[in-house]
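Source file: data-v4.csv; contents: CSV, C-alpha atoms.
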```csv
chain,number,residue,atom,x,y,z
A,1,MET,CA,0.0,0.0,0.0
A,2,LYS,CA,2.9,2.3,1.0
A,3,ASN,CA,4.7,1.5,-2.3
A,4,THR,CA,1.6,2.2,-4.4
A,5,LYS,CA,1.3,5.7,-2.7
A,6,LEU,CA,5.0,6.4,-3.4
A,7,GLU,CA,4.8,5.3,-7.0
A,8,LEU,CA,1.6,7.3,-7.5
A,9,SER,CA,3.3,10.5,-6.1
A,10,VAL,CA,6.4,9.9,-8.2
A,11,GLY,CA,4.2,9.4,-11.3
A,12,ILE,CA,2.3,12.7,-10.6
A,13,PHE,CA,5.6,14.5,-10.0
A,14,VAL,CA,7.0,13.2,-13.4
A,15,LEU,CA,3.8,14.2,-15.2
A,16,LEU,CA,4.0,17.7,-13.7
A,17,GLY,CA,7.6,18.0,-14.8
A,18,ILE,CA,6.7,17.0,-18.4
A,19,ALA,CA,3.8,19.4,-18.4
A,20,ALA,CA,6.0,22.2,-17.2
A,21,ILE,CA,8.7,21.5,-19.8
A,22,ALA,CA,6.0,21.3,-22.6
A,23,TYR,CA,4.5,24.6,-21.4
A,24,LEU,CA,7.9,26.4,-21.3
A,25,THR,CA,8.8,25.0,-24.8
A,26,ILE,CA,5.5,26.4,-26.2
A,27,GLN,CA,5.8,29.7,-24.4
A,28,ILE,CA,9.5,30.3,-25.5
A,29,GLY,CA,8.7,29.1,-29.0
A,30,THR,CA,5.9,31.6,-29.5
A,31,GLY,CA,7.7,34.4,-27.6
A,32,SER,CA,4.9,34.7,-25.0
A,33,LEU,CA,7.4,35.1,-22.2
A,34,ILE,CA,7.7,38.8,-22.8
A,35,THR,CA,5.6,40.1,-20.0
A,36,GLY,CA,3.3,43.2,-20.0
A,37,ASP,CA,1.6,45.0,-22.9
A,38,THR,CA,3.1,44.8,-26.3
A,39,TYR,CA,2.2,46.3,-29.7
A,40,PRO,CA,2.6,44.9,-33.2
A,41,LEU,CA,4.9,46.3,-35.9
A,42,GLU,CA,5.7,45.0,-39.4
A,43,ALA,CA,9.0,45.0,-41.1
A,44,ARG,CA,9.8,44.2,-44.8
A,45,PHE,CA,13.0,42.4,-45.7
A,46,SER,CA,14.4,41.1,-49.0
A,47,ASN,CA,15.8,38.2,-47.1
A,48,THR,CA,15.2,37.0,-43.5
A,49,GLY,CA,17.8,34.2,-43.6
A,50,GLY,CA,15.6,31.8,-41.7
A,51,LEU,CA,14.2,34.0,-39.0
A,52,HIS,CA,11.3,32.3,-37.3
A,53,THR,CA,8.4,32.8,-35.0
A,54,GLY,CA,9.6,33.4,-31.5
A,55,SER,CA,13.0,34.9,-32.6
A,56,SER,CA,14.2,37.7,-30.3
A,57,VAL,CA,13.9,41.4,-31.0
A,58,LEU,CA,16.7,43.3,-29.4
A,59,LEU,CA,17.4,47.0,-28.9
A,60,SER,CA,20.9,47.9,-27.5
A,61,GLY,CA,21.3,44.2,-26.8
A,62,VAL,CA,18.2,44.1,-24.6
A,63,THR,CA,15.3,41.8,-25.5
A,64,VAL,CA,12.3,44.1,-26.2
A,65,GLY,CA,10.1,41.9,-28.2
A,66,ARG,CA,9.6,38.7,-30.2
A,67,VAL,CA,8.8,37.8,-33.8
A,68,GLU,CA,5.2,36.9,-34.0
A,69,ALA,CA,4.9,35.8,-37.6
A,70,VAL,CA,7.0,35.6,-40.8
A,71,ARG,CA,5.2,35.5,-44.2
A,72,MET,CA,6.0,36.2,-47.8
A,73,ASP,CA,4.4,39.0,-49.8
A,74,PRO,CA,3.6,37.3,-53.1
A,75,SER,CA,3.5,40.6,-55.0
A,76,ASP,CA,7.3,41.1,-54.8
A,77,TYR,CA,8.5,38.0,-53.0
A,78,SER,CA,9.7,40.0,-50.0
A,79,ALA,CA,9.4,38.8,-46.5
A,80,ILE,CA,7.0,40.5,-44.1
A,81,VAL,CA,7.8,40.0,-40.4
A,82,THR,CA,5.3,40.8,-37.6
A,83,LEU,CA,7.0,41.8,-34.4
A,84,ARG,CA,5.6,42.4,-30.9
A,85,VAL,CA,7.5,45.1,-29.0
A,86,VAL,CA,6.9,46.0,-25.4
A,87,SER,CA,4.7,49.1,-25.0
A,88,GLY,CA,7.3,51.1,-23.0
A,89,VAL,CA,9.6,51.1,-26.0
A,90,ARG,CA,8.6,54.0,-28.4
A,91,LEU,CA,10.3,53.9,-31.7
A,92,PRO,CA,10.8,57.0,-34.0
A,93,THR,CA,9.4,56.5,-37.5
A,94,ASP,CA,12.9,56.3,-39.0
A,95,SER,CA,14.0,53.4,-36.8
A,96,MET,CA,15.7,50.6,-38.5
A,97,ALA,CA,15.3,46.8,-38.2
A,98,SER,CA,18.2,44.5,-39.2
A,99,VAL,CA,18.3,40.7,-39.3
A,100,LYS,CA,21.4,39.7,-37.4
A,101,THR,CA,23.0,36.4,-36.4
A,102,ALA,CA,24.1,35.5,-32.9
A,103,GLY,CA,27.7,34.6,-33.5
A,104,LEU,CA,28.8,33.2,-36.9
A,105,ILE,CA,26.3,30.4,-37.2
A,106,GLY,CA,24.0,31.2,-34.3
A,107,ASP,CA,20.2,31.9,-34.3
A,108,LYS,CA,18.8,34.8,-36.2
A,109,TYR,CA,17.3,37.8,-34.4
A,110,ILE,CA,16.1,41.3,-35.2
A,111,SER,CA,18.1,44.2,-34.0
A,112,LEU,CA,16.2,47.5,-33.7
A,113,SER,CA,18.1,50.8,-34.0
A,114,PRO,CA,16.0,54.0,-33.1
A,115,GLY,CA,16.1,56.9,-35.5
A,116,ALA,CA,15.9,60.7,-35.1
A,117,ASP,CA,12.3,61.5,-36.1
A,118,GLU,CA,10.1,63.3,-33.7
A,119,ASN,CA,7.1,61.1,-34.7
A,120,TYR,CA,6.8,57.6,-33.2
A,121,MET,CA,5.5,54.4,-34.7
A,122,THR,CA,2.0,53.4,-33.9
A,123,PRO,CA,0.7,49.8,-33.8
A,124,TRP,CA,0.9,48.1,-37.2
A,125,THR,CA,3.4,50.6,-38.6
A,126,ARG,CA,5.6,49.0,-41.2
A,127,ILE,CA,9.3,49.6,-40.7
A,128,THR,CA,10.7,50.3,-44.2
A,129,MET,CA,14.3,51.0,-43.3
A,130,THR,CA,15.5,47.5,-42.9
A,131,GLU,CA,18.7,45.4,-43.5
A,132,PRO,CA,18.3,41.9,-44.7
A,133,ALA,CA,20.2,38.9,-43.4
A,134,ILE,CA,23.7,39.0,-44.9
A,135,ASP,CA,24.6,36.0,-47.1
A,136,LEU,CA,28.0,35.2,-45.6
A,137,GLU,CA,28.6,32.2,-47.8
A,138,SER,CA,28.1,34.3,-51.0
A,139,LEU,CA,30.4,37.1,-49.6
A,140,ILE,CA,33.1,34.6,-48.7
A,141,GLY,CA,32.7,33.0,-52.1
A,142,LYS,CA,33.1,36.3,-53.8
A,143,MET,CA,36.2,37.1,-51.7
A,144,ALA,CA,37.8,33.7,-52.1
A,145,PHE,CA,37.0,32.9,-55.7
A,146,GLY,CA,36.3,36.3,-57.3
A,147,SER,CA,33.7,36.9,-59.9
A,148,LEU,CA,33.1,34.8,-63.0
A,149,ASP,CA,32.3,38.0,-64.9
A,150,LYS,CA,35.9,39.1,-64.9
A,151,ASP,CA,36.7,36.7,-67.7
A,152,LYS,CA,33.5,37.5,-69.5
A,153,ASP,CA,34.4,41.2,-69.4
A,154,LYS,CA,37.8,40.6,-70.9
A,155,LYS,CA,36.1,38.7,-73.8
A,156,THR,CA,33.6,41.4,-74.5
A,157,ALA,CA,35.9,44.4,-74.1
A,158,PRO,CA,36.5,46.2,-77.4
B,1,MET,CA,-23.8,48.1,-52.1
B,2,LYS,CA,-25.6,50.1,-54.9
B,3,PRO,CA,-24.2,49.6,-58.4
B,4,ARG,CA,-23.2,53.2,-58.6
B,5,THR,CA,-21.3,53.1,-55.3
B,6,LEU,CA,-19.6,49.9,-56.3
B,7,LEU,CA,-18.6,51.5,-59.6
B,8,LEU,CA,-17.1,54.5,-57.8
B,9,PHE,CA,-15.3,52.2,-55.4
B,10,LEU,CA,-13.8,50.2,-58.2
B,11,ALA,CA,-12.8,53.3,-60.1
B,12,SER,CA,-11.1,54.8,-57.0
B,13,LEU,CA,-9.2,51.5,-56.5
B,14,THR,CA,-8.0,51.6,-60.1
B,15,LEU,CA,-7.0,55.2,-59.7
B,16,ILE,CA,-5.0,54.6,-56.5
B,17,GLY,CA,-3.3,51.6,-58.2
B,18,GLY,CA,-2.5,53.7,-61.2
B,19,MET,CA,-1.1,56.6,-59.0
B,20,ALA,CA,1.1,54.1,-57.1
B,21,ARG,CA,2.5,52.8,-60.4
B,22,ALA,CA,3.1,56.3,-61.7
B,23,THR,CA,4.9,57.2,-58.4
B,24,THR,CA,7.2,54.2,-58.6
B,25,GLU,CA,8.0,54.9,-62.3
B,26,GLU,CA,8.7,58.5,-61.5
B,27,ALA,CA,11.2,57.6,-58.7
B,28,GLU,CA,12.8,54.9,-61.0
B,29,LYS,CA,13.2,57.4,-63.8
B,30,HIS,CA,14.6,60.0,-61.4
B,31,LEU,CA,17.2,57.6,-60.1
B,32,GLN,CA,18.2,56.4,-63.6
B,33,THR,CA,18.7,60.0,-64.8
B,34,ALA,CA,20.8,60.8,-61.7
B,35,VAL,CA,23.0,57.7,-62.2
B,36,ASN,CA,23.4,58.5,-65.9
B,37,GLU,CA,24.4,62.1,-65.0
B,38,VAL,CA,27.0,60.9,-62.6
B,39,ILE,CA,28.5,58.4,-65.1
B,40,THR,CA,28.5,61.0,-67.9
B,41,ALA,CA,30.2,63.5,-65.6
B,42,ALA,CA,32.8,60.9,-64.5
B,43,ASP,CA,33.5,60.0,-68.1
B,44,HIS,CA,34.4,63.6,-68.9
B,45,THR,CA,36.7,63.8,-65.9
B,46,SER,CA,40.3,62.5,-66.2
B,47,SER,CA,41.6,62.7,-62.6
B,48,SER,CA,40.2,61.6,-59.2
B,49,SER,CA,40.9,65.0,-57.7
B,50,ALA,CA,38.7,66.8,-60.3
B,51,LEU,CA,35.9,64.2,-59.8
B,52,GLU,CA,34.8,65.7,-56.4
B,53,THR,CA,34.2,69.1,-58.0
B,54,THR,CA,32.4,67.6,-61.0
B,55,VAL,CA,30.2,65.1,-59.2
B,56,ARG,CA,29.3,67.1,-56.0
B,57,PRO,CA,26.6,69.3,-57.5
B,58,ILE,CA,24.9,66.3,-59.1
B,59,LEU,CA,24.9,64.3,-55.9
B,60,GLU,CA,23.7,67.2,-53.9
B,61,LYS,CA,20.8,67.6,-56.3
B,62,ASN,CA,19.7,64.0,-56.1
B,63,ILE,CA,20.6,62.9,-52.6
B,64,SER,CA,18.9,64.3,-49.5
B,65,PHE,CA,22.0,64.7,-47.3
B,66,ASP,CA,19.9,66.4,-44.6
B,67,ALA,CA,17.7,63.4,-44.2
B,68,MET,CA,20.7,61.0,-44.6
B,69,THR,CA,22.6,62.8,-41.8
B,70,ARG,CA,19.6,62.9,-39.5
B,71,HIS,CA,18.8,59.2,-40.0
B,72,ALA,CA,22.5,58.3,-39.6
B,73,VAL,CA,23.0,60.1,-36.3
B,74,GLY,CA,19.8,58.6,-34.8
B,75,PRO,CA,18.2,59.6,-31.5
B,76,GLY,CA,21.1,62.0,-30.5
B,77,TRP,CA,20.2,64.3,-33.4
B,78,ARG,CA,17.5,66.1,-31.4
B,79,GLN,CA,20.1,67.2,-28.9
B,80,PHE,CA,22.3,68.9,-31.5
B,81,THR,CA,22.0,72.7,-31.7
B,82,GLN,CA,21.0,74.1,-35.1
B,83,GLU,CA,24.6,75.1,-35.8
B,84,GLN,CA,25.8,71.6,-34.9
B,85,GLN,CA,23.2,70.1,-37.2
B,86,LYS,CA,24.4,72.3,-40.1
B,87,GLU,CA,28.0,71.5,-39.4
B,88,ALA,CA,27.2,67.7,-39.2
B,89,ILE,CA,25.3,67.8,-42.5
B,90,HIS,CA,28.1,69.6,-44.3
B,91,LEU,CA,30.8,67.2,-42.9
B,92,PHE,CA,28.7,64.1,-43.6
B,93,THR,CA,28.0,65.3,-47.2
B,94,THR,CA,31.7,65.7,-47.8
B,95,LEU,CA,32.6,62.4,-46.2
B,96,ILE,CA,30.0,60.5,-48.3
B,97,ILE,CA,31.1,62.2,-51.5
B,98,ARG,CA,34.8,61.6,-50.8
B,99,THR,CA,34.1,57.9,-49.8
B,100,TYR,CA,32.1,57.4,-53.0
B,101,ILE,CA,34.8,59.0,-55.2
B,102,SER,CA,37.6,57.0,-53.6
B,103,LYS,CA,35.9,53.8,-54.9
B,104,PHE,CA,35.5,55.3,-58.4
B,105,THR,CA,38.2,55.2,-61.0
B,106,PRO,CA,37.8,57.7,-63.9
B,107,GLY,CA,37.5,55.9,-67.1
B,108,GLU,CA,36.1,52.7,-65.5
B,109,HIS,CA,32.5,52.4,-66.7
B,110,PRO,CA,30.1,50.6,-64.3
B,111,ILE,CA,27.2,48.6,-65.8
B,112,ILE,CA,24.0,49.1,-63.8
B,113,THR,CA,21.0,46.8,-64.3
B,114,PHE,CA,17.8,48.3,-62.8
B,115,LYS,CA,15.3,45.7,-61.4
B,116,ALA,CA,11.6,46.1,-60.6
B,117,ALA,CA,11.1,48.8,-58.0
B,118,SER,CA,8.8,48.4,-55.0
B,119,THR,CA,6.8,50.8,-52.8
B,120,PRO,CA,7.3,49.7,-49.1
B,121,ALA,CA,5.2,52.7,-47.9
B,122,PRO,CA,3.6,55.8,-49.4
B,123,GLY,CA,6.2,58.3,-50.5
B,124,ARG,CA,9.0,55.7,-50.4
B,125,VAL,CA,10.4,53.6,-53.2
B,126,GLU,CA,13.1,51.0,-53.3
B,127,VAL,CA,15.0,50.3,-56.5
B,128,PRO,CA,17.2,47.2,-56.5
B,129,THR,CA,20.0,47.2,-59.0
B,130,THR,CA,23.0,45.0,-59.9
B,131,LEU,CA,26.2,46.8,-60.4
B,132,LEU,CA,29.0,45.3,-62.5
B,133,TYR,CA,32.2,47.2,-61.8
B,134,LYS,CA,35.8,46.2,-62.4
B,135,GLY,CA,34.6,42.6,-63.1
B,136,SER,CA,32.7,42.2,-59.8
B,137,HIS,CA,29.0,42.0,-59.2
B,138,TYR,CA,27.4,44.0,-56.4
B,139,ASP,CA,23.7,44.1,-55.3
B,140,VAL,CA,22.9,47.7,-54.6
B,141,THR,CA,19.4,48.9,-53.5
B,142,TYR,CA,18.6,52.6,-53.6
B,143,ARG,CA,16.0,53.9,-51.2
B,144,LEU,CA,14.2,57.1,-52.3
B,145,GLU,CA,11.8,59.4,-50.4
B,146,ASN,CA,9.4,61.9,-51.8
B,147,THR,CA,10.0,65.1,-49.9
B,148,GLY,CA,8.8,67.6,-52.4
B,149,GLY,CA,10.7,65.7,-55.1
B,150,TRP,CA,12.4,62.3,-55.2
B,151,TYR,CA,15.7,62.1,-53.3
B,152,ILE,CA,18.0,59.2,-52.4
B,153,THR,CA,18.1,58.7,-48.7
B,154,ASP,CA,19.9,55.4,-48.3
B,155,VAL,CA,22.0,53.0,-50.3
B,156,VAL,CA,22.1,49.3,-49.3
B,157,ILE,CA,25.2,47.5,-50.7
B,158,GLU,CA,25.2,43.7,-50.4
B,159,GLY,CA,22.6,43.9,-47.6
B,160,VAL,CA,24.5,46.5,-45.6
B,161,SER,CA,22.8,49.9,-45.3
B,162,LEU,CA,24.9,53.1,-45.4
B,163,ILE,CA,22.6,54.6,-42.7
B,164,ALA,CA,22.8,51.6,-40.4
B,165,ASN,CA,26.6,51.4,-40.8
B,166,TYR,CA,27.1,55.1,-39.8
B,167,ARG,CA,24.3,55.0,-37.1
B,168,THR,CA,26.1,52.4,-35.1
B,169,GLN,CA,29.3,54.4,-35.2
B,170,PHE,CA,27.6,57.8,-34.5
B,171,ASP,CA,25.6,56.4,-31.7
B,172,ALA,CA,28.7,55.1,-29.9
B,173,GLN,CA,30.4,58.5,-30.4
B,174,PHE,CA,27.3,60.4,-29.1
B,175,LYS,CA,27.1,58.2,-26.0
B,176,GLU,CA,30.8,58.9,-25.4
B,177,GLY,CA,30.8,62.7,-25.7
B,178,GLY,CA,27.6,64.1,-27.2
B,179,ALA,CA,27.3,66.2,-30.4
B,180,ILE,CA,30.8,67.6,-30.1
B,181,SER,CA,32.3,64.0,-30.2
B,182,VAL,CA,30.2,63.2,-33.3
B,183,ILE,CA,31.4,66.4,-35.1
B,184,ARG,CA,35.0,65.8,-34.0
B,185,SER,CA,35.0,62.2,-35.4
B,186,LEU,CA,33.3,63.4,-38.6
B,187,THR,CA,36.0,66.2,-39.0
B,188,ARG,CA,38.7,63.6,-38.5
B,189,SER,CA,37.2,61.2,-41.1
B,190,VAL,CA,36.8,64.0,-43.6
B,191,ASP,CA,40.4,65.1,-43.2
B,192,GLU,CA,41.6,61.5,-43.6
B,193,LYS,CA,39.8,61.3,-46.9
B,194,ARG,CA,41.4,64.5,-48.2
```
Here is the file; what I need is its structure written in the form of structure tokens.
Amino acid sequence: MKNTKLELSVGIFVLLGIAAIAYLTIQIGTGSLITGDTYPLEARFSNTGGLHTGSSVLLSGVTVGRVEAVRMDPSDYSAIVTLRVVSGVRLPTDSMASVKTAGLIGDKYISLSPGADENYMTPWTRITMTEPAIDLESLIGKMAFGSLDKDKDKKTAP
Amino acid sequence: MKPRTLLLFLASLTLIGGMARATTEEAEKHLQTAVNEVITAADHTSSSSALETTVRPILEKNISFDAMTRHAVGPGWRQFTQEQQKEAIHLFTTLIIRTYISKFTPGEHPIITFKAASTPAPGRVEVPTTLLYKGSHYDVTYRLENTGGWYITDVVIEGVSLIANYRTQFDAQFKEGGAISVIRSLTRSVDEKR
């Protein structure tokens, strides 16, 4: 009888642990751990480099929001990212959003850099001053192997 | 919805669509004219030293250096006095022109391919281009704003924005010593490019 009680309490404890891990995984994944009021903003990028829902939004290295959604605009194939930024952070209209990488091969995040305008972004404002993810492989390729067009130029030069 | 209201609604949608297209085309045309003007002027200049004098008025006519400096300095800009703002604009203009010229060799003709422009927000147009210069390909996107005419306000080369690049540096300078520190570092950079 005593053993059954012990086994039951261990079972409940394990189940609670699994439930807590599952809850935290979902919360971190969707970025819901940002507490307090938030407001949505949109940013348009030519390349997000694999940014995903739940990625961090940083300002001066401090997490001020999360990526809520990433979708593609079929009209020009650009990526539209919806961000949720904490309400206390007011961003001038010429603020910039850049897709950065934590370390060389780390996770992608959005870095915000506030501008100088006296007007501030309101919910659902679209940030147009953006920097896409830098394609390191292609840059390294260009530096290491040069450009194929060098030869083409020589051939076509008068 | 009454047929007449529906007709008016559809007509206004067509009109708005047509206006947006016209705006984008206008900005594209403006950019192409500006680029061609710079290339023609550079072709008629034999030395790098003369290039600054030749190209400066063309660039000043087509680039909003006021907006560019304001955007590049960032939040600290509001704490600059009017005189400091004027000085910063003048120095930043010279720095950008000299940096641009130092990358340009008279006689070397770049080949620029203009791609389809987009309108990320009203009054703003982005024109992606591919630049072939000295045998290398570069992806260059021009950002234009309509402030009583179309002006270039940012250039993104290989994904790196000119504004973002300078904003990081100016922000650090401003946090270190305010407007004076920004102007001092600008003066130093301009002198180095002499």
Gap from atom CA of Lys134 of chain B to atom CA of Thr53 of chain B - Å, one decimal: 23.4 Å
Within 9 Å of His109 of chain B using all atoms listed in the file, minus same-chain residues under 4 positions, as a PyMOL selection string: chain B and resi 39+42-43+105+132-134
Residue with smallest distance to chain A - pool B:Ile96, B:Val190, B:Ile89, B:Ile163, counting all atoms listed in the file: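 That would be B:Ile163, the residue with the smallest distance to chain A.
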Selection: 8 Å around segment 76-90 of chain A, only C-alpha atoms, excl. self and same-chain fewer than 5 positions, as a ChimeraX atom specification: /A:34,36-48,57,64-71,120-121 /B:118
Kindly export the residues of the current selection with C-alpha atoms, as a short mmCIF file (atom, residue, chain, number, x, y, z; two decimals), keeping the file's coordinate frame.
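Heads up, here's the output in selection-v6.cif:
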```
data_model
loop_
_atom_site.label_atom_id
_atom_site.label_comp_id
_atom_site.auth_asym_id
_atom_site.auth_seq_id
_atom_site.Cartn_x
_atom_site.Cartn_y
_atom_site.Cartn_z
CA ILE A 34 7.70 38.80 -22.80
CA GLY A 36 3.30 43.20 -20.00
CA ASP A 37 1.60 45.00 -22.90
CA THR A 38 3.10 44.80 -26.30
CA TYR A 39 2.20 46.30 -29.70
CA PRO A 40 2.60 44.90 -33.20
CA LEU A 41 4.90 46.30 -35.90
CA GLU A 42 5.70 45.00 -39.40
CA ALA A 43 9.00 45.00 -41.10
CA ARG A 44 9.80 44.20 -44.80
CA PHE A 45 13.00 42.40 -45.70
CA SER A 46 14.40 41.10 -49.00
CA ASN A 47 15.80 38.20 -47.10
CA THR A 48 15.20 37.00 -43.50
CA VAL A 57 13.90 41.40 -31.00
CA VAL A 64 12.30 44.10 -26.20
CA GLY A 65 10.10 41.90 -28.20
CA ARG A 66 9.60 38.70 -30.20
CA VAL A 67 8.80 37.80 -33.80
CA GLU A 68 5.20 36.90 -34.00
CA ALA A 69 4.90 35.80 -37.60
CA VAL A 70 7.00 35.60 -40.80
CA ARG A 71 5.20 35.50 -44.20
CA TYR A 120 6.80 57.60 -33.20
CA MET A 121 5.50 54.40 -34.70
CA SER B 118 8.80 48.40 -55.00
#
```
Please build the interface table for segment 93-177 of chain B against segment 93-112 of chain A with a cut-off of 12 Å, listing for each qualifying residue the nearest atom pair and the distance in Å to one decimal; count all atoms listed in the file, order rows by chain and increasing number, and write it as a Markdown table.
```
| residue | atom | partner | partner_atom | distance |
| --- | --- | --- | --- | --- |
| B:Ala121 | CA | A:Thr93 | CA | 11.8 |
| B:Glu145 | CA | A:Asp94 | CA | 11.9 |
| B:Thr153 | CA | A:Asp94 | CA | 11.3 |
| B:Asp154 | CA | A:Asp94 | CA | 11.7 |
| B:Val156 | CA | A:Ser98 | CA | 11.8 |
| B:Gly159 | CA | A:Ser98 | CA | 9.5 |
| B:Val160 | CA | A:Ser98 | CA | 9.2 |
| B:Ser161 | CA | A:Ser98 | CA | 9.4 |
| B:Leu162 | CA | A:Met96 | CA | 11.8 |
| B:Ile163 | CA | A:Met96 | CA | 9.0 |
| B:Ala164 | CA | A:Met96 | CA | 7.4 |
| B:Asn165 | CA | A:Ser98 | CA | 11.0 |
| B:Arg167 | CA | A:Met96 | CA | 9.8 |
| B:Thr168 | CA | A:Met96 | CA | 11.1 |
```
Write to file, as a compact mmCIF listing (two decimals), keeping the file's coordinate frame, the residues of the selection just made, with C-alpha atoms.
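Resulting contents of selection_18.txt:
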```txt
# COMPACT_ATOMS: atom_id res chain seq x y z
CA ALA B 121 5.20 52.70 -47.90
CA GLU B 145 11.80 59.40 -50.40
CA THR B 153 18.10 58.70 -48.70
CA ASP B 154 19.90 55.40 -48.30
CA VAL B 156 22.10 49.30 -49.30
CA GLY B 159 22.60 43.90 -47.60
CA VAL B 160 24.50 46.50 -45.60
CA SER B 161 22.80 49.90 -45.30
CA LEU B 162 24.90 53.10 -45.40
CA ILE B 163 22.60 54.60 -42.70
CA ALA B 164 22.80 51.60 -40.40
CA ASN B 165 26.60 51.40 -40.80
CA ARG B 167 24.30 55.00 -37.10
CA THR B 168 26.10 52.40 -35.10
```
Atom pair atom CA of Leu95 of chain B / atom CA of Glu52 of chain B: separation (Å): 10.9 Å
Shortest interatomic distance to chain A - which of B:Thr40, B:Ser136, B:Thr119, B:Gln79, counting only C-alpha atoms: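 Result for the nearest residue to chain A: B:Ser136.
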Pick from A:Ile140, A:Asp117, A:Thr122, A:Leu59, whichever lies nearest to chain B using only C-alpha atoms: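 Ranking A:Ile140, A:Asp117, A:Thr122, A:Leu59 by distance to chain B, first place goes to A:Asp117.
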Exercise: residues within 10 Å of coordinate (33.2, 67.5, -62.7), counting all atoms listed in the file, as a ChimeraX atom specification: /B:38,40-58
Convert the current residue selection to file output with C-alpha atoms, as a PDB file, in the coordinates of the input.
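That gives us again-v1.pdb:
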```
ATOM      1  CA  VAL B  38      27.000  60.900 -62.600  1.00  0.00           C
ATOM      2  CA  THR B  40      28.500  61.000 -67.900  1.00  0.00           C
ATOM      3  CA  ALA B  41      30.200  63.500 -65.600  1.00  0.00           C
ATOM      4  CA  ALA B  42      32.800  60.900 -64.500  1.00  0.00           C
ATOM      5  CA  ASP B  43      33.500  60.000 -68.100  1.00  0.00           C
ATOM      6  CA  HIS B  44      34.400  63.600 -68.900  1.00  0.00           C
ATOM      7  CA  THR B  45      36.700  63.800 -65.900  1.00  0.00           C
ATOM      8  CA  SER B  46      40.300  62.500 -66.200  1.00  0.00           C
ATOM      9  CA  SER B  47      41.600  62.700 -62.600  1.00  0.00           C
ATOM     10  CA  SER B  48      40.200  61.600 -59.200  1.00  0.00           C
ATOM     11  CA  SER B  49      40.900  65.000 -57.700  1.00  0.00           C
ATOM     12  CA  ALA B  50      38.700  66.800 -60.300  1.00  0.00           C
ATOM     13  CA  LEU B  51      35.900  64.200 -59.800  1.00  0.00           C
ATOM     14  CA  GLU B  52      34.800  65.700 -56.400  1.00  0.00           C
ATOM     15  CA  THR B  53      34.200  69.100 -58.000  1.00  0.00           C
ATOM     16  CA  THR B  54      32.400  67.600 -61.000  1.00  0.00           C
ATOM     17  CA  VAL B  55      30.200  65.100 -59.200  1.00  0.00           C
ATOM     18  CA  ARG B  56      29.300  67.100 -56.000  1.00  0.00           C
ATOM     19  CA  PRO B  57      26.600  69.300 -57.500  1.00  0.00           C
ATOM     20  CA  ILE B  58      24.900  66.300 -59.100  1.00  0.00           C
TER      21      ILE B  58
END
```
Given all atoms listed in the file as the counted atoms, nearest of A:Pro74, A:Pro92, A:Pro123, A:Gly115 to chain B: A:Gly115
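Between atom CA of Leu91 of chain A and atom CA of Ala172 of chain B lies a distance of 18.5 Å.
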